[in-house]
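J.: Please see the structure below; I have some questions.
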Amino acid sequence: MQHPNKKITDLRRLRKLYEEGAVFTAFDTETSGITPKTSRIIEIGAVRFTKDGIISKWSSLFDPNQILSPFIVSLTHITQQMVDAADPIEDHIQSFLKFLDSSIIVAHNAQFDLNFLNAECENCGLSVTKNYAVDTLQLSRILIPEAEYHKLDYLADFLGIDKGSSHRALDDAITCMELFKECLRRR
């Protein structure tokens, strides 16, 4: 499934929206695998912000009703016990969609996260998101060409951004927000 969100790729438009006080939501998902057809979201983290700073944060673990692979546990440090104790995403997805509201979504490799989010919406009988989206992976490739790699972890280290606990959704969302702001500062 290709996500239906329209991407904002025009840098002048993006900078203007930011400077005029548009609301953005940087978000990240941790998942039980790599494809929404067979995997589920196990964590969402998000931060709403404007040029004036952070407005609010949202974070939750979810029970995917699946066994997590050792690779996923090692990568995310999210254990089977943690997700088994969590609610299913169906109990909280409407809360997250309300948090997103009509803000502009910011994500690193946005297609991955949006495909998962929209698949979960469909699984819950909800409409998919229609928010505009910005992909910091694409932005970084254009605006930070001197970086050898463009993974979020690498870019955070390269730019001196505090990345908190990598591969935990809220910390990655905050790192994505900081990367987005750094991209907008570049000409």
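Ligands are numbered from 1 in the order shown, residues from 1 within each chain, and chains are lettered A, B, ... in the order they appear in the structure tokens.
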Hey, what's within 9 Å of A:Gly33 if we count only C-alpha atoms and toss same-chain stuff fewer than 5 positions away? As a ChimeraX atom specification, please?
T.: /A:38-41,68-69,72
J.: Please produce, as a tab-separated table, a per-residue contact table for stretch 43-73 of chain A versus stretch 88-105 of chain A (criterion: any atom at most 12 Å away, only C-alpha atoms considered), showing the nearest atom pair and its distance in Å to one decimal, sorted by chain then residue number.
T.:
```
residue	atom	partner	partner_atom	distance
A:Glu43	CA	A:Ile89	CA	8.8
A:Ile44	CA	A:Phe96	CA	8.6
A:Gly45	CA	A:Phe96	CA	9.5
A:Ala46	CA	A:Leu100	CA	8.6
A:Val47	CA	A:Leu100	CA	9.3
A:Arg48	CA	A:Leu100	CA	7.9
A:Phe49	CA	A:Ser103	CA	9.2
A:Thr50	CA	A:Ser103	CA	9.9
A:Ile55	CA	A:Phe99	CA	10.9
A:Ser56	CA	A:Phe99	CA	8.9
A:Lys57	CA	A:Phe99	CA	8.8
A:Trp58	CA	A:Phe96	CA	7.5
A:Ser59	CA	A:Phe96	CA	8.7
A:Ser60	CA	A:His92	CA	8.3
A:Leu61	CA	A:Ile89	CA	8.2
A:Phe62	CA	A:Pro88	CA	5.1
A:Asp63	CA	A:Pro88	CA	4.7
A:Pro64	CA	A:Pro88	CA	6.4
A:Asn65	CA	A:Pro88	CA	7.8
A:Gln66	CA	A:Pro88	CA	11.0
```
J.: At a cut-off of 12 Å, using only C-alpha atoms, what residues contact A:Lys163? Leave out same-chain residues fewer than 5 positions from it and give the result as an NGL selection string.
T.: :A and (152-158 or 168-179)
J.: Among the residues of stretch 9-156 of chain A, find those DSSP assigns to alpha helix (DSSP H) from the backbone and print them as a PyMOL selection string.
T.: chain A and resi 11-19+70-76+80-84+93-100+110-123+136-143+152-156
J.: Between A:Glu120, A:Glu146, A:Asp10, A:Asp87, single out the one closest to A:Thr29, counting only C-alpha atoms.
T.: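 For A:Thr29, the nearest of the candidates is A:Glu120.
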J.: What is the distance between atom CA of A:Ile144 and atom CA of A:Ser165, in Å to one decimal?
T.: 23.1 Å
J.: How many Å separate atom CA of A:Phe116 from atom CA of A:Pro36?
T.: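 That distance, rounded to one decimal, is 5.3 Å.
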J.: Quick one: DSSP strand (DSSP E or B) residues in stretch 1-181 of chain A, as a VMD selection string?
T.: chain A and resid 7 24 to 31 41 to 50 53 to 61 104 to 107 133 to 135
J.: So how far away is atom CA of A:Thr31 from atom CA of A:Asn123, in Å?
T.: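 These atoms are spaced 15.1 Å apart.
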J.: Measuring between only C-alpha atoms, which one of A:Val106, A:Leu11, A:Ile42, A:Cys124 shows the shortest distance to A:Thr76?
T.: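 Residue with the minimum atom-to-atom distance to A:Thr76: A:Ile42.
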J.: Contacts between stretch 4-8 of chain A and stretch 19-135 of chain A, please, where a residue of stretch 19-135 of chain A counts if it comes within 6 Å (with only C-alpha atoms); show its shortest atom pair and distance in Å to one decimal, rows by chain and ascending number, as CSV.
T.:
```
residue,atom,partner,partner_atom,distance
A:Lys130,CA,A:Asn5,CA,5.1
A:Asn131,CA,A:Asn5,CA,5.7
A:Tyr132,CA,A:Lys6,CA,5.0
A:Ala133,CA,A:Lys7,CA,4.7
A:Val134,CA,A:Ile8,CA,5.5
```
J.: Using only C-alpha atoms for the distances, tell me which of A:Ala85, A:Asn118, A:Leu75, A:Thr9 is nearest to A:Ser140.
T.: A:Thr9
